[in-house]
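**Q** One structure follows; several queries about it will come next.
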Amino acid sequence: MLAEFGYGVLVVTFLLALYSVGAAIFGYVNKSAALVESARRSMLLTFPLLTVAALSLILLLVRGDFNVQFVYEVTSRSMPTYLKITAWWGGQAGSLLFWSWLMSAFASAATLRKWDRDQEFLPWVIVVANVTLAFFLALNILFENPFARLYQTFDGNIAAYTFAPANSTPITPADGRGLNPLLRHPGMIIHPPMLYLGFVAYVIPFAFAIAALVTGRTDDRWIRVTRRWSLWAWLFLSFGLVLGGRWAYDVLGWGGYWGWDPVEIAAFMPWLTGTAFLHSVMIQEKRGMLKQWNMVLIILTYALVIFGTFLTRSGVLSSVHAFAQSAIGPSFFVFIGVTFVTSIGLLIHRWADLKAEAEMKSMLSREALFLLNNLLFMSVLVVSFWGVIFPLISELFTGQKVTVGPPFYERANSPLFAALMFLMAIAPLSAWGHSTVQTLGRAIWKPAIAAAAITVVTFFTYTQNWIALIGFFLVALVVLVTLYEFWRGARARQKTQGENFFSALAHLTGKNRRRYGGYIIHISMMLMAIGILGIELFQTETQGTIQVGESLRLQGYELVYRDIAQWDDRSTNVNYTRAVMEVYKNDQLVTKLHPRTDYYYEAQQNMTIPGVRSTMADDVYVLLVDWEPASAIGATFKLYINPLVNWLWVGSLLFLVGVIIAAWPEKDPERATVRATRSARQTSAAD
Amino acid sequence: MKHTLRFTFFVLLLVLAGLLANPVSAQDGQPPTDDDVNQVAKELYCPVCENVPLDVCATQACAQWRDLIRLKLSQGETESQIKQYFVENYGARVLNEPPREGLNWLAYLVPPVIILIGAGFLVRALRMMKKPVVAAPVKGPSVEAPADDYVARLEEEVKKQK
């Protein structure tokens with residue numbers, strides 16, 4: 001009964017979303033404020049309705065109602081309650097409902113704001129949000145019903161149906177199949193919601209952009225209204241990516257965090273356009289330029305958000321043919337096509353209205369450098385996008401399946417990332433409007449000399465690998481330039497305000513959160529870059545089969561195999577095999593590690609959990625690859641030494657701090673919106 | 001037909017191995033280590049899973065493929081011969097990049113071409129943007145600031161925000 005109720009609520013919400021779209025368009029065309037208000041209220045109603053639907057599903061999951069196919073597929077009796085709840089997004093149908101629920105929450109939040117000055121945007125924001133919502137709800141209602149029940153039909157087949165077929169009996173399995181063990185890790189519990197938060201939050205700036213295009217109000221109001229939305233969306237997306245990496249490092253057992261897998265790239269692509277967008281909107285706010293380009297970027301971001309969901313949800317990656325046979329794939333494809341073409345059509349329609357208000361003064365001005373940054377982000381996007389879809393094209397046209405793996409992406413993207421780092425070093429020193437080689441040179445020579453000195457020290461003490469040296473030089477340059485900027489700002493305040501250095505620093509950051517939050521993000525990115533350089537360039541590994549008492553040696557470490565044990569945990573239905581290894585460095589016992597394999601009986605799946613000893617210098621990462629209880633050949637271990645990788649995780653924490661500073665609400669949000677009265681002189685200092 | 005081909009290939013391999021007779025691992029007469037095997041497996045992808053490198057793939061099938069690599073190494077085959085064997089038996093998808101031939105060249109050529117076109121557009125756009133804006137709106141920021149009087153700018157900002 002609860003399942004039918006949940007499904008009914010989904011259908012009602014879907015109809016309501018469609019009504020809301022119709023009422024908003026009709027209200028706009030006929031200038032009927034009452035109809036638009038009706039559309040707004042319907043929009044607001046979708047959120048409580050979807051919450052009820054979601055609660056129904058959660059109740060079914062927690063109760064273990066295995067008659068419902070989704071519950072049967074993602075939960076089992078032995079799972080703890082919190083995992084049963086988070087199993088909501090552990091499978092296809094549930095995660096699509098999760099998407100819709102977030103969409104309605106965000107759209108409601110956006111429509112609850114004060115609209116006085118932006119009344120004309122309202123109907124079109126409702127239209128975009130609800131068209132997206134209706135699409136995802138339709139996927140649930142038509143193809144992937146999370147509330148479908150299992151029935152045995154008269155011919156003996158068992159399948160899931162939304163409505164009981166004739167001559168059938170409901171089937172309730174004694175236990176469910178249980179959540180994929182890989183998805184039971186804390187990182188994986190938070191990672192999908194983070195990504196989805198990011199994905200869905202980007203729909204809001206897109207909705208405002210479309211509203212601006214339709215209504216012809218093409219000043220930068222839509223950007224100002226959605227600035228915080230894009231920043232939070234970017235935060236969630238970035239953090240989702242990092243959590244995904246951490247999860248891979250902890251659970252997947254291959255010694256790395258990022259494998260250029262199409263599923264990872266699916267989430268990385270909207271991040272690329274989103275990051276480019278974050279930078280280039282500043283040009284529009286400061287200088288009234290690049291209006292057309294910003295539209296292109298937000299349209300691309302929206303398309304890539306839907307495309308990313310499509311890549312991971314349609315089965316297209318396993319085979320083009322599986323995709324063509326699935327119902328959900330082609331619908332996605334059509335939706336992406338229609339929304340993209342419509343948006344671009346609107347943009348072309350308004351092209352002339354989006355002319356720049358100012359001219360480019362200098363190729364070294366901050367806006368010119370931001371444009372270059374955009375080109376680089378787009379280039380990484382082109383490489384990534386092409387790498388993901390090329391295997392599909394190849395399969396489609398020649399029938400030959402090919403793999404596009406890490407070497408392809410790394411070769412193409414590494415120089416692009418290096419160029420981005422270089423830009424990060426010089427762009428903060430350039431001014432809006434006008435910069436010359438002399439002004440830039442004057443600002444950069446001190447940090448550059450210091451960075452070169454650090455690189456020389458690195459050369460003699462750490463590595464002679466020239467790629468690493470270039471990387472470390474750029475990291476040092478960016479960090480020093482950015483710190484120098486903090487220092488210069490604080491010193492200037494000290495002089496004018498008579499504050500001490502630290503309170504000057506705090507006030508400086510507080511007065512211009514976006515700029516200095518952004519700088520903290522730059523520094524955090526560089527810390528992450530240290531981690532990436534470390535593991536990419538200096539990772540070493542060895543594998544061996546050894547007896548108790550024997551050891552593996554690598555990079556000055558000795559790991560002695562001391563013991564192994566195997567036992568069943570009846571309550572969770574998991575078999576654990578856990579080895580004990582002592583880690584020695586210079587013959588000193590450093591720590592004990594416990595690599596293990598967990599065998600999940602229900603899912604019949606193995607998980608390889610590494611034993612890790614993590615320091616800022618390196619990670620000792622050991623896996624138990626193989627061990628047979630009744631054999632005398634010993635146990636097989638794989639040992640990785642991953643230099644510097646911890647910087648990646650530390651960097652991501654600092655990153656969080658930076659974004660929160662940048663996105664923290666200003667006391668008076670309207671203060672920031674009056675570009676018109678500022679002179680260029682003030683503008684260039686106050687970005 | 002396929003069997004004959006495979007057989008011929010094997011014979012050829014044996015002959016080649018005999019002719020060359022100085023592959024890496026056979027040189028010192030030692031059996032190949034796990035590291036030797038992983039060195040080769042790292043460059044290959046699991047023929048049946050999605051996007052899983054062969055050296056870290058945990059399935060039984062992959063363990064057998066790694067044993068096959070070990071066997072071939074001990075028979076003196078080189079890395080490229082083993083790769084070739086996998087390609088012939090399981091298709092080009094076992095390689096970590098598309099082989100550089102035929103249509104696959106598109107994989108390598110399309111991104112640089114698009115990026116170059118993008119760069120061209122950027123240069124053109126920058127040139128166009130350098131032209132003075134006709135009838136610039138009054139509200140637009142108009143005069144350029146001398147970029148280096150940083151302190152003065154900051155002071156102004158500070159005064160304004162006090």
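Residues are referred to by chain and number: the chain letter is A, B, ... according to the order shown in the structure tokens, the number counts from 1 in that chain, and ligands are numbered separately from 1 in the order shown.
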Hey, what's within 8 Å of His522 (chain A) if we count only C-alpha atoms and toss same-chain stuff fewer than 3 positions away? As a PyMOL selection string, please?
**A** chain A and resi 424+478-479+482+518-519+525-526
**Q** Quick one: everything within 9 Å of Cys57 (chain B), counting only C-alpha atoms, minus sequence neighbours fewer than 4 positions away in the same chain. Send it as a list in words.
**A**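 Result of the neighbour search: Trp254 of chain A; Tyr45, Cys46, Cys49, Val52, Pro53, Ala61, Cys62 and Ala63 of chain B.
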**Q** Between CA of Phe408 (chain A) and CA of Ile389 (chain A), measure the distance and give it in Å to one decimal.
**A**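 Separation between CA of Phe408 (chain A) and CA of Ile389 (chain A): 13.2 Å.
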**Q** Report the residues of region 34-144 of chain B whose backbone DSSP state falls under alpha helix (DSSP H), written as JSON, numbers by chain.
**A** {"B": [34, 35, 36, 37, 38, 39, 40, 41, 60, 61, 62, 63, 64, 65, 66, 67, 68, 69, 70, 71, 72, 73, 74, 79, 80, 81, 82, 83, 84, 85, 86, 87, 88, 89, 90, 105, 106, 107, 108, 109, 110, 111, 112, 113, 114, 115, 116, 117, 118, 119, 120, 121, 122, 123, 124, 125, 126, 127, 128, 129, 130]}
**Q** Got a sec: who's within 12 Å of Val113 (chain B), counting only C-alpha atoms, leaving out chain neighbours fewer than 6 positions off, as a CSV table (one decimal) with N, CA and C atoms, in the first residue's frame?
**A**
```csv
chain,number,residue,atom,x,y,z
A,379,SER,N,40.0,23.7,-22.9
A,379,SER,CA,40.8,22.7,-23.6
A,379,SER,C,40.8,21.4,-22.8
A,382,VAL,N,37.7,19.7,-23.6
A,382,VAL,CA,37.7,19.1,-24.9
A,382,VAL,C,38.4,17.7,-24.8
A,383,VAL,N,39.5,17.7,-24.2
A,383,VAL,CA,40.3,16.4,-24.1
A,383,VAL,C,39.5,15.4,-23.3
A,386,TRP,N,36.2,14.3,-25.3
A,386,TRP,CA,36.6,13.5,-26.4
A,386,TRP,C,37.0,12.1,-25.9
B,106,LEU,N,41.7,9.7,-35.0
B,106,LEU,CA,40.8,10.8,-34.6
B,106,LEU,C,40.9,11.1,-33.1
B,107,ALA,N,41.1,10.0,-32.4
B,107,ALA,CA,41.2,10.2,-30.9
B,107,ALA,C,42.3,11.2,-30.6
B,119,ALA,N,41.7,28.6,-29.7
B,119,ALA,CA,42.7,29.6,-29.5
B,119,ALA,C,42.6,30.7,-30.5
B,120,GLY,N,42.3,30.3,-31.8
B,120,GLY,CA,42.1,31.2,-32.9
B,120,GLY,C,41.0,32.2,-32.6
```
**Q** List the neighbours of region 223-236 of chain A out to 7 Å using only C-alpha atoms; skip same-chain residues closer than 2 positions along the sequence, and give me the result as JSON, numbers by chain.
**A** {"A": [194, 195, 197, 198, 199, 201, 202, 205, 220, 221, 238, 239, 240, 271, 274, 659, 663, 673]}
**Q** Got a sec: who's within 9 Å of Leu372 (chain A), counting only C-alpha atoms, leaving out chain neighbours fewer than 5 positions off, as a PyMOL selection string?
**A** (chain A and resi 367+377+420+423) or (chain B and resi 119+122)
**Q** Nearest to Gly556 (chain A) among A:Gly91, A:Val583, A:Ala159, A:Ile535, with distances taken over only C-alpha atoms: which residue is it?
**A**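 Nearest candidate to Gly556 (chain A) out of A:Gly91, A:Val583, A:Ala159, A:Ile535: A:Val583.
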